[in-house]
Each structure stands twice: as C-alpha cells, then as structure tokens.
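*Asks:* Just one file: protein11.cif, with mmCIF, C-alpha atoms.
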```
data_final
loop_
_atom_site.label_atom_id
_atom_site.label_comp_id
_atom_site.auth_asym_id
_atom_site.auth_seq_id
_atom_site.Cartn_x
_atom_site.Cartn_y
_atom_site.Cartn_z
CA MET A 1 -30.48 -2.57 -12.14
CA ALA A 2 -26.95 -1.28 -12.60
CA ASP A 3 -24.07 -3.75 -12.70
CA ILE A 4 -21.48 -2.86 -10.07
CA LEU A 5 -17.99 -4.32 -10.41
CA LEU A 6 -15.53 -3.68 -7.58
CA TYR A 7 -11.85 -4.21 -8.34
CA ASN A 8 -10.87 -5.57 -4.98
CA GLN A 9 -8.05 -6.81 -2.79
CA GLY A 10 -9.06 -8.53 0.42
CA SER A 11 -6.64 -6.82 2.81
CA SER A 12 -6.78 -3.35 1.23
CA PRO A 13 -8.26 -1.02 3.89
CA PHE A 14 -9.93 1.22 1.34
CA ALA A 15 -11.36 -1.71 -0.64
CA THR A 16 -12.67 -2.99 2.72
CA LEU A 17 -14.32 0.38 3.33
CA CYS A 18 -16.04 0.22 -0.06
CA ARG A 19 -17.26 -3.31 0.70
CA LEU A 20 -18.58 -2.09 4.05
CA VAL A 21 -20.56 0.72 2.44
CA LEU A 22 -21.91 -1.63 -0.25
CA ALA A 23 -23.01 -4.08 2.44
CA GLU A 24 -24.66 -1.34 4.52
CA LYS A 25 -26.54 -0.11 1.45
CA ASN A 26 -27.66 -3.70 0.70
CA LEU A 27 -26.32 -3.46 -2.85
CA THR A 28 -25.54 -6.46 -5.00
CA PHE A 29 -22.12 -6.24 -6.65
CA ARG A 30 -19.47 -8.33 -8.32
CA LYS A 31 -15.85 -8.51 -7.20
CA ARG A 32 -12.76 -8.87 -9.34
CA ASP A 33 -9.83 -9.60 -7.03
CA VAL A 34 -6.61 -7.97 -8.23
CA SER A 35 -3.41 -9.18 -6.59
CA TYR A 36 -0.61 -6.72 -5.89
CA TYR A 37 1.82 -9.05 -4.14
CA ASN A 38 5.39 -8.99 -5.44
CA TRP A 39 5.26 -12.39 -7.15
CA ASN A 40 2.12 -11.52 -9.09
CA GLN A 41 1.44 -7.75 -9.22
CA GLU A 42 -1.68 -8.14 -11.29
CA HIS A 43 -2.47 -4.49 -10.58
CA LEU A 44 0.35 -3.56 -12.98
CA GLU A 45 -1.07 -5.60 -15.86
CA PRO A 46 -2.24 -3.61 -18.91
CA PHE A 47 -5.90 -4.54 -18.40
CA TYR A 48 -5.93 -2.88 -14.98
CA ALA A 49 -3.77 0.07 -16.05
CA HIS A 50 -6.54 0.83 -18.56
CA VAL A 51 -9.17 0.65 -15.79
CA ASN A 52 -7.17 2.64 -13.25
CA PRO A 53 -4.10 4.50 -14.54
CA LYS A 54 -2.95 4.97 -10.92
CA MET A 55 -2.89 1.15 -10.61
CA GLN A 56 -4.21 1.33 -7.04
CA ILE A 57 -6.90 -0.68 -5.28
CA PRO A 58 -9.86 -0.25 -5.28
CA ALA A 59 -11.55 0.85 -8.46
CA MET A 60 -15.16 0.41 -9.48
CA THR A 61 -17.15 0.37 -12.69
CA VAL A 62 -20.91 0.85 -12.81
CA THR A 63 -22.74 -0.13 -15.99
CA SER A 64 -26.30 1.11 -16.32
CA GLU A 65 -29.13 -0.85 -17.92
CA SER A 66 -28.63 1.28 -21.04
CA GLY A 67 -24.97 0.27 -21.23
CA ASP A 68 -23.42 3.54 -20.02
CA LYS A 69 -20.33 2.86 -17.93
CA THR A 70 -18.90 4.96 -15.09
CA THR A 71 -15.40 4.23 -13.83
CA LEU A 72 -14.23 5.42 -10.41
CA THR A 73 -10.61 5.07 -9.32
CA ASP A 74 -10.63 6.59 -5.83
CA SER A 75 -12.44 5.13 -2.81
CA ARG A 76 -13.63 8.57 -1.65
CA ASP A 77 -15.26 9.09 -5.04
CA ILE A 78 -16.77 5.59 -4.84
CA LEU A 79 -18.43 6.36 -1.49
CA GLU A 80 -19.90 9.61 -2.79
CA TYR A 81 -21.11 8.01 -6.03
CA LEU A 82 -22.82 5.16 -4.19
CA GLU A 83 -24.60 7.60 -1.89
CA ASN A 84 -25.43 10.48 -4.22
CA ASP A 85 -25.41 9.23 -7.82
CA LEU A 86 -26.27 5.53 -8.01
CA GLY A 87 -29.89 6.08 -7.01
CA SER A 88 -30.42 2.77 -5.21
CA GLY A 89 -29.70 1.17 -1.87
CA ARG A 90 -30.28 2.37 1.68
CA SER A 91 -29.24 5.96 2.32
CA LEU A 92 -26.25 6.33 4.62
CA VAL A 93 -26.49 10.10 5.08
CA ASP A 94 -29.15 11.96 7.04
CA PRO A 95 -30.17 14.90 4.76
CA LYS A 96 -30.27 17.15 7.83
CA LYS A 97 -26.68 16.24 8.71
CA LYS A 98 -25.19 15.97 5.26
CA ARG A 99 -22.53 18.65 5.72
CA GLU A 100 -21.26 17.30 9.06
CA THR A 101 -21.28 13.72 7.81
CA TRP A 102 -19.20 14.38 4.73
CA ALA A 103 -16.89 16.70 6.69
CA PHE A 104 -16.09 13.76 8.99
CA VAL A 105 -15.47 11.54 5.95
CA ASP A 106 -13.07 14.16 4.59
CA SER A 107 -11.21 14.28 7.92
CA PHE A 108 -10.83 10.50 7.68
CA TYR A 109 -9.35 10.84 4.20
CA ALA A 110 -7.01 13.64 5.30
CA LEU A 111 -5.28 11.09 7.52
CA LYS A 112 -2.46 9.21 5.75
CA PHE A 113 -2.15 5.65 7.00
CA MET A 114 0.98 4.60 5.14
CA PRO A 115 3.41 6.63 7.30
CA LEU A 116 1.92 4.92 10.38
CA PHE A 117 1.89 1.49 8.74
CA MET A 118 5.51 1.69 7.62
CA HIS A 119 6.65 3.20 10.92
CA ASN A 120 5.14 0.22 12.69
CA PHE A 121 7.49 -1.97 10.68
CA ARG A 122 10.37 0.45 11.29
CA GLU A 123 9.94 0.11 15.05
CA ASN A 124 8.89 -3.54 15.36
CA GLN A 125 9.92 -5.42 12.22
CA PRO A 126 12.73 -3.56 10.43
CA ALA A 127 13.46 -6.60 8.26
CA VAL A 128 9.93 -6.37 6.84
CA LEU A 129 10.43 -2.67 6.09
CA MET A 130 13.62 -3.46 4.19
CA MET A 131 11.83 -6.28 2.40
CA VAL A 132 9.11 -3.83 1.33
CA LYS A 133 11.73 -1.37 0.09
CA ASP A 134 13.49 -4.12 -1.86
CA GLY A 135 10.16 -5.02 -3.47
CA GLN A 136 9.51 -1.38 -4.35
CA GLU A 137 12.87 -1.04 -6.07
CA LYS A 138 12.29 -4.22 -8.08
CA THR A 139 8.90 -2.85 -9.13
CA TRP A 140 10.55 0.32 -10.47
CA ALA A 141 12.54 -1.85 -12.87
CA LYS A 142 9.42 -3.81 -13.83
CA LEU A 143 7.54 -0.60 -14.62
CA GLU A 144 10.42 0.58 -16.80
CA LEU A 145 10.21 -2.70 -18.72
CA LEU A 146 6.41 -2.50 -19.03
CA SER A 147 6.67 1.05 -20.40
CA LYS A 148 8.72 -0.35 -23.28
CA GLN A 149 6.57 -3.45 -23.81
CA TYR A 150 3.34 -1.43 -24.05
CA PRO A 151 4.02 1.85 -25.89
CA GLU A 152 0.39 2.95 -25.61
CA LEU A 153 0.81 2.90 -21.81
CA GLU A 154 4.38 4.19 -21.68
CA GLN A 155 3.63 7.44 -19.85
CA THR A 156 1.16 5.71 -17.52
CA TYR A 157 3.82 3.24 -16.40
CA LEU A 158 6.50 5.91 -16.08
CA ASP A 159 4.14 8.05 -13.97
CA LYS A 160 3.48 5.04 -11.75
CA ARG A 161 7.22 4.47 -11.34
CA GLU A 162 7.72 8.07 -10.21
CA ALA A 163 4.77 7.79 -7.81
CA MET A 164 6.29 4.66 -6.28
CA LYS A 165 9.66 6.35 -5.89
CA LYS A 166 7.96 9.19 -4.04
CA TYR A 167 6.10 6.66 -1.90
CA THR A 168 9.42 5.06 -0.94
CA ALA A 169 11.03 8.40 -0.14
CA ASP A 170 8.04 9.69 1.86
CA PHE A 171 6.97 6.61 3.78
CA ILE A 172 9.81 4.05 3.83
CA ASP A 173 12.97 6.14 3.86
CA SER A 174 11.51 8.85 6.07
CA ALA A 175 9.46 9.03 9.27
CA ASP A 176 8.83 12.77 8.93
CA GLN A 177 5.08 12.37 8.34
CA VAL A 178 4.50 10.08 11.32
CA PRO A 179 3.93 12.70 14.10
CA GLU A 180 1.50 14.75 11.99
CA ASN A 181 -0.61 11.74 11.06
CA ARG A 182 -0.57 10.27 14.55
CA LYS A 183 -1.98 13.58 15.76
CA LYS A 184 -4.64 13.54 13.04
CA ALA A 185 -5.62 10.03 14.13
CA GLU A 186 -5.84 11.03 17.79
CA ASP A 187 -7.83 14.18 16.93
CA LEU A 188 -10.30 12.16 14.88
CA LEU A 189 -10.74 9.60 17.68
CA ASP A 190 -11.35 12.43 20.15
CA GLU A 191 -13.85 14.06 17.76
CA ALA A 192 -15.70 10.76 17.45
CA GLU A 193 -15.78 10.34 21.23
CA ALA A 194 -17.31 13.80 21.59
CA LEU A 195 -19.90 13.17 18.87
CA LEU A 196 -20.89 9.85 20.39
CA ALA A 197 -21.15 11.38 23.87
CA GLY A 198 -23.58 13.93 22.48
CA GLN A 199 -26.03 11.35 21.15
CA PRO A 200 -29.25 10.55 23.07
CA GLU A 201 -28.68 8.31 26.09
CA GLY A 202 -31.67 6.11 25.36
CA ASN A 203 -30.20 4.80 22.10
CA GLN A 204 -28.43 1.49 22.84
CA ASN A 205 -26.10 1.78 19.81
CA ARG A 206 -25.10 5.39 19.52
CA TRP A 207 -23.61 6.35 16.16
CA LEU A 208 -21.85 9.53 15.09
CA PHE A 209 -24.81 11.30 13.49
CA GLY A 210 -27.84 9.33 14.65
CA GLU A 211 -28.29 6.32 12.36
CA TYR A 212 -25.30 4.30 11.17
CA SER A 213 -23.90 6.38 8.30
CA VAL A 214 -21.07 6.55 5.79
CA ALA A 215 -19.14 8.42 8.51
CA ASP A 216 -19.61 5.44 10.84
CA CYS A 217 -18.30 3.17 8.09
CA CYS A 218 -15.15 5.29 7.95
CA MET A 219 -14.88 5.26 11.75
CA THR A 220 -15.26 1.48 11.86
CA GLN A 221 -12.45 1.07 9.36
CA LEU A 222 -10.29 3.66 11.15
CA VAL A 223 -10.53 1.84 14.47
CA ALA A 224 -9.82 -1.49 12.75
CA MET A 225 -6.66 -0.13 11.10
CA LEU A 226 -5.35 1.60 14.22
CA ARG A 227 -5.97 -1.51 16.33
CA LEU A 228 -4.20 -3.59 13.70
CA LEU A 229 -1.18 -1.32 14.14
CA ASP A 230 -1.62 -1.43 17.94
CA ILE A 231 -1.43 2.36 18.17
CA MET A 232 -4.78 3.28 19.69
CA SER A 233 -6.41 2.95 23.09
CA PHE A 234 -9.97 3.16 24.34
CA ASP A 235 -8.70 4.69 27.60
CA GLY A 236 -10.75 7.81 28.25
CA ARG A 237 -13.01 6.93 25.30
CA PRO A 238 -15.84 4.79 26.72
CA ASN A 239 -18.30 5.83 24.01
CA LEU A 240 -15.87 4.87 21.26
CA LYS A 241 -15.36 1.50 22.90
CA GLN A 242 -19.13 0.99 22.91
CA PHE A 243 -19.22 2.09 19.26
CA TRP A 244 -16.58 -0.47 18.32
CA GLU A 245 -18.33 -3.31 20.13
CA ALA A 246 -21.61 -2.46 18.42
CA ALA A 247 -20.02 -2.03 14.97
CA GLN A 248 -18.50 -5.51 15.15
CA LYS A 249 -21.99 -6.99 15.69
CA ARG A 250 -23.45 -5.46 12.53
CA PRO A 251 -23.94 -7.98 9.67
CA SER A 252 -21.97 -5.65 7.37
CA TYR A 253 -18.82 -6.05 9.49
CA GLU A 254 -18.47 -9.72 8.66
CA ALA A 255 -19.86 -9.37 5.15
CA ALA A 256 -17.20 -6.77 4.28
CA GLY A 257 -14.37 -8.72 5.90
CA VAL A 258 -13.40 -5.92 8.28
CA THR A 259 -10.61 -7.02 10.62
CA ASP A 260 -8.37 -5.50 13.25
CA GLU A 261 -5.74 -8.22 12.81
CA LEU A 262 -3.36 -8.97 9.98
CA PRO A 263 -4.78 -11.87 7.93
CA MET A 264 -2.98 -15.15 8.60
CA LYS A 265 -1.88 -15.37 4.96
CA MET A 266 -0.21 -11.97 5.18
CA ARG A 267 1.42 -12.78 8.53
CA VAL A 268 2.88 -15.99 7.13
CA MET A 269 4.15 -14.19 4.03
CA MET A 270 5.70 -11.43 6.14
CA PHE A 271 7.37 -13.98 8.42
CA ILE A 272 8.82 -15.98 5.52
CA GLY A 273 9.81 -12.83 3.66
CA SER A 274 11.52 -11.33 6.70
CA MET A 275 13.46 -14.57 7.30
CA VAL A 276 14.59 -14.62 3.67
CA TRP A 277 15.55 -10.96 3.82
CA LYS A 278 17.48 -11.44 7.08
CA ALA A 279 19.38 -14.35 5.54
CA LYS A 280 20.06 -12.31 2.44
CA ALA A 281 21.16 -9.33 4.53
CA ALA A 282 23.58 -11.57 6.43
CA VAL A 283 24.99 -13.33 3.38
CA VAL A 284 25.12 -10.57 0.78
CA PRO A 285 27.62 -8.31 2.59
CA LYS A 286 30.01 -11.26 3.04
CA TRP A 287 29.44 -12.30 -0.55
CA LYS A 288 30.11 -8.76 -1.74
CA GLU A 289 33.23 -8.63 0.43
CA ALA A 290 34.43 -11.94 -1.01
CA MET A 291 33.72 -10.77 -4.56
CA ALA A 292 35.56 -7.49 -3.89
CA GLU A 293 38.55 -9.45 -2.61
CA ALA A 294 38.41 -11.73 -5.65
CA ASP A 295 38.28 -8.69 -7.95
CA ARG A 296 41.28 -7.19 -6.13
CA GLN A 297 43.28 -10.38 -6.55
CA VAL A 298 42.35 -10.65 -10.22
CA LYS A 299 43.45 -7.06 -10.80
CA GLU A 300 46.74 -7.72 -9.02
CA ALA A 301 47.28 -10.90 -11.05
CA LYS A 302 46.51 -9.04 -14.28
CA LYS A 303 48.96 -6.31 -13.25
CA ALA A 304 51.66 -8.87 -12.45
CA VAL A 305 51.10 -10.69 -15.75
CA SER A 306 51.18 -7.37 -17.60
CA GLU A 307 54.50 -6.43 -15.97
CA GLN A 308 55.94 -9.87 -16.73
CA MET A 309 54.82 -9.52 -20.34
CA LYS A 310 56.52 -6.12 -20.54
CA ASP A 311 59.73 -7.57 -19.10
CA ALA A 312 59.54 -10.53 -21.49
CA LYS A 313 58.96 -8.26 -24.48
CA LYS A 314 61.91 -6.11 -23.40
CA ALA A 315 64.16 -9.14 -23.05
CA VAL A 316 63.12 -10.51 -26.45
CA SER A 317 63.73 -7.11 -28.02
CA GLU A 318 67.21 -6.87 -26.47
CA ASN A 319 68.06 -10.39 -27.63
CA LEU A 320 66.91 -9.56 -31.14
CA ASP A 321 69.02 -6.40 -31.13
CA ARG A 322 72.06 -8.36 -30.09
CA ALA A 323 71.37 -11.01 -32.68
CA ILE A 324 70.96 -8.39 -35.40
CA GLY A 325 74.11 -6.67 -34.17
CA ALA A 326 76.03 -9.93 -34.36
CA LYS A 327 74.89 -10.45 -37.92
CA LYS A 328 76.02 -6.98 -38.85
#
```
Now that the file is in, can you turn its structure into structure tokens?
*Replies:*
Amino acid sequence: MADILLYNQGSSPFATLCRLVLAEKNLTFRKRDVSYYNWNQEHLEPFYAHVNPKMQIPAMTVTSESGDKTTLTDSRDILEYLENDLGSGRSLVDPKKKRETWAFVDSFYALKFMPLFMHNFRENQPAVLMMVKDGQEKTWAKLELLSKQYPELEQTYLDKREAMKKYTADFIDSADQVPENRKKAEDLLDEAEALLAGQPEGNQNRWLFGEYSVADCCMTQLVAMLRLLDIMSFDGRPNLKQFWEAAQKRPSYEAAGVTDELPMKMRVMMFIGSMVWKAKAAVVPKWKEAMAEADRQVKEAKKAVSEQMKDAKKAVSENLDRAIGAKK
C-alpha cells in the first residue's frame, strides 16, 4: 500500500478539502502539520521549500511500495491524483458523469477566495486587515534574508517574495477582484441548486451528480467557507440547504475537520493581534511626531552651535590679528 503524507494546516480551506476527499475515499494517510503563522512560519523553512517551492499549504507526497515518490503541490492536482492515479480507495466520480463532475470542480477552483476573505476584514475588522498587511511586509524582509542564508534556494525565496507582494497588492491593497468573485460564488451556488433540484425526488440525500462525489466535496467546502465569511444565504435555495444539512451528517465532515466558523484559536489570535495593532496604530503616529519634533530641535541646536562656533572662530581670528599687529 502506498504511503500518503499530507502537508497540512488545520484551518487551510484547501488542506481541509484534501482531508475531506481522503476521508470519503477511506484512505489511510499521515499528516505533517506545517505552521504558517507569523511567529513561526514553518512553511518558509528550507525543508518545506524543497517539498513545495511555492511554500503553500497543502502539499502531498505519495511513496509507492517500490519506493517511487510522487510530490503534488496543488490541491486540485491532489484531488485528481487521488481519484485517477492512486488506484485505491472508493471512487468519487461516476464514469458516466466524469466530464460534468470535473467541470464543476474546475468552476470551484476558478473562484478566488482571498479577495472575499480580505474584503470581509476590510469591511468588518480593518485592524485585522492592517495586521495582515504588516505581517506580509515583515515576511518580505524574512524571505530576503532567507535567500541569502540558503544560496541553493535563493531564487525560490525571491520568487516567493514577489508572489507575496502581488498577493498584497491584489487582495489587501485592492478590492477590485471582489465583485467578480462574489458573482462567481453566487453563480456556482445557483448552479448547484439547479443540479440538486434535478436529482430524483425519492433520494433522501440528493447530491450533485447522484452519489456523493469529488464535486460534492468541493461544494461542501465552498458552503463552509462562504458561511464562515457570512456572505451566503439559503434563501431561494431549499435544495442547497438540504444538501448542507446532509453533508454535515456524513462521517467525513467531522473526520476532515470541516467548519463554517473560525476556529477559536484563530479568533483569539485575531482579537489579540487587532488590539495590539490598534494600540500600535494609536501610539506610533504620536511617537513619530515626537521623534520628528526631537529631530527638528536637534537640527536647530546643531545650527545654533555651528553659528556660535563660527562667531567664536571669527572673534579669535580678529583677536589674533590684532595681537600680531601689536607685535609688529
């Protein structure tokens, strides 16, 4: 049996999706939790940069009985590998509906969640958004340092720094991508409602394409994320509401740790971090103003001392001239 190792982070939505698919396929796997919080940032360590040069979560390695190793660094690729290439576990795609199933998965992946996630902070917790930006900027400096400490990974770290700068510009500094991705989310919810409405009435738990599939895994995670952000409604979507209630009862839901609420640990960290950032934001401008005033006074004092020194030198020179003249 192949050895599956998932590089995981508990609250990562795409790591959660991979765990959900693994649970639905009844596959045994190992987890290696990789922290990416600001005080640790284990995902930037050299060992993980070698596994996944993008330094994102999740990644997965599969080692066959013969010792051959496959490394996957994108969750979409992980889902497809588990279904089509691993050769074990319960199938999550009806062969007769393969094209439609994977098309739905691709529509899920076409939706960018970060613009919505960051905009939620922008509207409801601006201090958290600024805290995130501050953490991003500190990470740029750390990546610059790591590029010098590990020459063999220099370009990998520099590429990561540029990717993070683009992330900041696209998702934190700008809300331009929010309307487009909100529409994509709404369109996907409406598509799911239509698919569910078209399933046979006699089936108590109606899924998107008959049996619970990889597309249903994506839909479960989509609803969880949108509910976490409080930007979706079941109004006018009775079949989707039924889907959600049924999905939560599946053993895989709990096994994978799917949640539609921010974990308590993250909420506490965000609260403490936002309080610290608010205090910093209140103090730093005054501190900078005080330091600017101090610098101004020092410059004026230096100027005054310089002028006094010039006058003193001039007086000494005149006195010397008179003294020399007297001697003559």
*Asks:* Please write as an MDAnalysis selection string the full residue list that the PyMOL selection byres ((chain A and resi 138-150) around 8) yields on this file.
*Replies:* chainID A and resid 38 44 46 134:137 151:158 160:161 164:165
*Asks:* Work out how far CA of Leu92 in chain A is from CA of Val214 in chain A, in Å to one decimal.
*Replies:*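 CA of Leu92 in chain A lies at a distance of 5.3 Å from CA of Val214 in chain A.
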*Asks:* Counting all atoms listed in the file, find the residues whose atoms lie at most 12 Å from (-15.4, 13.4, 21.8) (file coordinates) and write them out as a list in words.
*Replies:*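 Residues with an atom close enough to that point: Glu186, Asp187, Leu188, Leu189, Asp190, Glu191, Ala192, Glu193, Ala194, Leu195, Leu196, Ala197, Gly198, Gln199, Leu208, Phe234, Gly236, Arg237, Pro238, Asn239, Leu240 and Lys241 of chain A.
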*Asks:* Set the distance at 10 Å and use all atoms listed in the file: which residues neighbour range 219-221 of chain A once local chain neighbours fewer than 6 positions away are removed? I'd like the list as a VMD selection string.
*Replies:* chain A and resid 13 to 14 16 to 17 20 104 to 105 108 188 to 189 192 207 to 208 213 227 240 243 to 244 246 to 248 253 258 to 260
*Asks:* Could those selected residues go to a file with C-alpha atoms, as a PDB file, in the coordinates of the input?
*Replies:*
```
ATOM      1  CA  PRO A  13      -8.260  -1.020   3.890  1.00  0.00           C
ATOM      2  CA  PHE A  14      -9.930   1.220   1.340  1.00  0.00           C
ATOM      3  CA  THR A  16     -12.670  -2.990   2.720  1.00  0.00           C
ATOM      4  CA  LEU A  17     -14.320   0.380   3.330  1.00  0.00           C
ATOM      5  CA  LEU A  20     -18.580  -2.090   4.050  1.00  0.00           C
ATOM      6  CA  PHE A 104     -16.090  13.760   8.990  1.00  0.00           C
ATOM      7  CA  VAL A 105     -15.470  11.540   5.950  1.00  0.00           C
ATOM      8  CA  PHE A 108     -10.830  10.500   7.680  1.00  0.00           C
ATOM      9  CA  LEU A 188     -10.300  12.160  14.880  1.00  0.00           C
ATOM     10  CA  LEU A 189     -10.740   9.600  17.680  1.00  0.00           C
ATOM     11  CA  ALA A 192     -15.700  10.760  17.450  1.00  0.00           C
ATOM     12  CA  TRP A 207     -23.610   6.350  16.160  1.00  0.00           C
ATOM     13  CA  LEU A 208     -21.850   9.530  15.090  1.00  0.00           C
ATOM     14  CA  SER A 213     -23.900   6.380   8.300  1.00  0.00           C
ATOM     15  CA  ARG A 227      -5.970  -1.510  16.330  1.00  0.00           C
ATOM     16  CA  LEU A 240     -15.870   4.870  21.260  1.00  0.00           C
ATOM     17  CA  PHE A 243     -19.220   2.090  19.260  1.00  0.00           C
ATOM     18  CA  TRP A 244     -16.580  -0.470  18.320  1.00  0.00           C
ATOM     19  CA  ALA A 246     -21.610  -2.460  18.420  1.00  0.00           C
ATOM     20  CA  ALA A 247     -20.020  -2.030  14.970  1.00  0.00           C
ATOM     21  CA  GLN A 248     -18.500  -5.510  15.150  1.00  0.00           C
ATOM     22  CA  TYR A 253     -18.820  -6.050   9.490  1.00  0.00           C
ATOM     23  CA  VAL A 258     -13.400  -5.920   8.280  1.00  0.00           C
ATOM     24  CA  THR A 259     -10.610  -7.020  10.620  1.00  0.00           C
ATOM     25  CA  ASP A 260      -8.370  -5.500  13.250  1.00  0.00           C
TER      26      ASP A 260
END
```
*Asks:* Hey, which of A:Asn8, A:Thr71, A:Ser252, A:Gln41 ends up closest to Val21 in chain A? Count all atoms listed in the file.
*Replies:* A:Ser252
*Asks:* For Thr101 in chain A, which of A:Arg122, A:Ala315, A:Glu83, A:Asp235 is the closest residue, counting all atoms listed in the file?
*Replies:*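 The answer is A:Glu83, which sits nearest to Thr101 in chain A.
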*Asks:* Find, counting all atoms listed in the file, the residue in A:Ala224, A:Ser174, A:Glu300, A:Asp3 that gets nearest to Asp68 in chain A.
*Replies:*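 Comparing A:Ala224, A:Ser174, A:Glu300, A:Asp3 against Asp68 in chain A, the winner is A:Asp3.
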*Asks:* Just to confirm, what's the straight-line distance from CA of Phe117 in chain A to CA of Ser11 in chain A in Å (one decimal)?
*Replies:*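 Those two atoms sit 13.3 Å apart.
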*Asks:* CA of Leu229 in chain A to CA of Gly210 in chain A: how many Å, to one decimal?
*Replies:*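 For CA of Leu229 in chain A relative to CA of Gly210 in chain A, the distance reads 28.7 Å.
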*Asks:* Calculated over only C-alpha atoms, which of the candidates A:Met55, A:Asp85, A:Phe47, A:Thr61 has the smallest distance to Arg30 in chain A?
*Replies:*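 Going through A:Met55, A:Asp85, A:Phe47, A:Thr61 one by one, the smallest distance to Arg30 in chain A is for A:Thr61.
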*Asks:* If the box runs along x, y and z of the file and leaves 5 Å on each side of range 40-57 of chain A, what are its centre and edge lengths in Å, one decimal, as JSON?
*Replies:*
```
{"center_x": -3.5, "center_y": -3.3, "center_z": -12.1, "size_x": 21.3, "size_y": 26.5, "size_z": 23.6}
```
*Asks:* Taking all atoms listed in the file into account, which of A:Pro53, A:Ala215, A:Ala256, A:Tyr109 comes nearest Asn26 in chain A?
*Replies:* A:Ala256
*Asks:* Under the PyMOL selection byres ((chain A and resi 51) around 12), which residues of this model are included? Write them out as an NGL selection string.
*Replies:* :A and (5-7 or 34 or 43-50 or 52-61 or 69-74 or 153 or 156)
*Asks:* Taking (5.9, 9.0, 13.0) as a centre in this file's frame and 12 Å as the limit, can you find every polymer residue with an atom that close, using all atoms listed in the file, and give them as a PDB file with C-alpha atoms, in the coordinates of the input?
*Replies:*
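Result file result_14.pdb:
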```
ATOM      1  CA  LYS A 112      -2.460   9.210   5.750  1.00  0.00           C
ATOM      2  CA  PHE A 113      -2.150   5.650   7.000  1.00  0.00           C
ATOM      3  CA  MET A 114       0.980   4.600   5.140  1.00  0.00           C
ATOM      4  CA  PRO A 115       3.410   6.630   7.300  1.00  0.00           C
ATOM      5  CA  LEU A 116       1.920   4.920  10.380  1.00  0.00           C
ATOM      6  CA  PHE A 117       1.890   1.490   8.740  1.00  0.00           C
ATOM      7  CA  MET A 118       5.510   1.690   7.620  1.00  0.00           C
ATOM      8  CA  HIS A 119       6.650   3.200  10.920  1.00  0.00           C
ATOM      9  CA  ASN A 120       5.140   0.220  12.690  1.00  0.00           C
ATOM     10  CA  PHE A 121       7.490  -1.970  10.680  1.00  0.00           C
ATOM     11  CA  ARG A 122      10.370   0.450  11.290  1.00  0.00           C
ATOM     12  CA  GLU A 123       9.940   0.110  15.050  1.00  0.00           C
ATOM     13  CA  ASP A 170       8.040   9.690   1.860  1.00  0.00           C
ATOM     14  CA  PHE A 171       6.970   6.610   3.780  1.00  0.00           C
ATOM     15  CA  ILE A 172       9.810   4.050   3.830  1.00  0.00           C
ATOM     16  CA  ASP A 173      12.970   6.140   3.860  1.00  0.00           C
ATOM     17  CA  SER A 174      11.510   8.850   6.070  1.00  0.00           C
ATOM     18  CA  ALA A 175       9.460   9.030   9.270  1.00  0.00           C
ATOM     19  CA  ASP A 176       8.830  12.770   8.930  1.00  0.00           C
ATOM     20  CA  GLN A 177       5.080  12.370   8.340  1.00  0.00           C
ATOM     21  CA  VAL A 178       4.500  10.080  11.320  1.00  0.00           C
ATOM     22  CA  PRO A 179       3.930  12.700  14.100  1.00  0.00           C
ATOM     23  CA  GLU A 180       1.500  14.750  11.990  1.00  0.00           C
ATOM     24  CA  ASN A 181      -0.610  11.740  11.060  1.00  0.00           C
ATOM     25  CA  ARG A 182      -0.570  10.270  14.550  1.00  0.00           C
ATOM     26  CA  LYS A 183      -1.980  13.580  15.760  1.00  0.00           C
ATOM     27  CA  LYS A 184      -4.640  13.540  13.040  1.00  0.00           C
ATOM     28  CA  ALA A 185      -5.620  10.030  14.130  1.00  0.00           C
ATOM     29  CA  ILE A 231      -1.430   2.360  18.170  1.00  0.00           C
TER      30      ILE A 231
END
```
*Asks:* Considering all atoms listed in the file, state which residue in the set A:Met130, A:Ala2, A:Ala163, A:Leu79 is at the smallest distance from Cys218 in chain A.
*Replies:*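 Among the listed residues, the smallest separation from Cys218 in chain A belongs to A:Leu79.
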*Asks:* Got a minute to add all heavy atoms to range 205-209 of chain A and dump it as a compact mmCIF listing (two decimals), in the frame of the given file?
*Replies:*
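Final output, saved to result-v9.txt:
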```txt
# COMPACT_ATOMS: atom_id res chain seq x y z
N ASN A 205 -27.27 1.67 20.69
CA ASN A 205 -26.10 1.78 19.81
C ASN A 205 -26.04 3.20 19.30
O ASN A 205 -26.74 3.57 18.36
CB ASN A 205 -26.20 0.78 18.64
CG ASN A 205 -26.13 -0.66 19.11
OD1 ASN A 205 -25.48 -0.95 20.12
ND2 ASN A 205 -26.80 -1.56 18.41
N ARG A 206 -25.19 3.98 19.91
CA ARG A 206 -25.10 5.39 19.52
C ARG A 206 -24.07 5.55 18.42
O ARG A 206 -22.90 5.18 18.57
CB ARG A 206 -24.73 6.25 20.74
CG ARG A 206 -25.88 6.40 21.72
CD ARG A 206 -25.51 7.26 22.89
NE ARG A 206 -24.56 6.59 23.77
CZ ARG A 206 -23.98 7.16 24.81
NH1 ARG A 206 -24.21 8.42 25.09
NH2 ARG A 206 -23.14 6.48 25.57
N TRP A 207 -24.50 6.13 17.30
CA TRP A 207 -23.61 6.35 16.16
C TRP A 207 -23.27 7.83 16.06
O TRP A 207 -23.81 8.65 16.80
CB TRP A 207 -24.25 5.82 14.88
CG TRP A 207 -24.71 4.40 15.00
CD1 TRP A 207 -26.00 3.95 14.93
CD2 TRP A 207 -23.91 3.23 15.25
NE1 TRP A 207 -26.06 2.59 15.10
CE2 TRP A 207 -24.78 2.12 15.30
CE3 TRP A 207 -22.55 3.02 15.44
CZ2 TRP A 207 -24.35 0.82 15.53
CZ3 TRP A 207 -22.10 1.73 15.67
CH2 TRP A 207 -22.98 0.64 15.71
N LEU A 208 -22.40 8.16 15.14
CA LEU A 208 -21.85 9.53 15.09
C LEU A 208 -22.90 10.60 14.81
O LEU A 208 -22.87 11.68 15.41
CB LEU A 208 -20.76 9.60 14.01
CG LEU A 208 -19.50 8.76 14.29
CD1 LEU A 208 -18.59 8.75 13.06
CD2 LEU A 208 -18.74 9.30 15.50
N PHE A 209 -23.82 10.29 13.88
CA PHE A 209 -24.81 11.30 13.49
C PHE A 209 -26.23 10.74 13.53
O PHE A 209 -27.05 11.05 12.68
CB PHE A 209 -24.48 11.84 12.09
CG PHE A 209 -23.14 12.51 12.02
CD1 PHE A 209 -22.04 11.85 11.48
CD2 PHE A 209 -22.95 13.80 12.53
CE1 PHE A 209 -20.79 12.48 11.42
CE2 PHE A 209 -21.72 14.42 12.48
CZ PHE A 209 -20.63 13.75 11.93
```
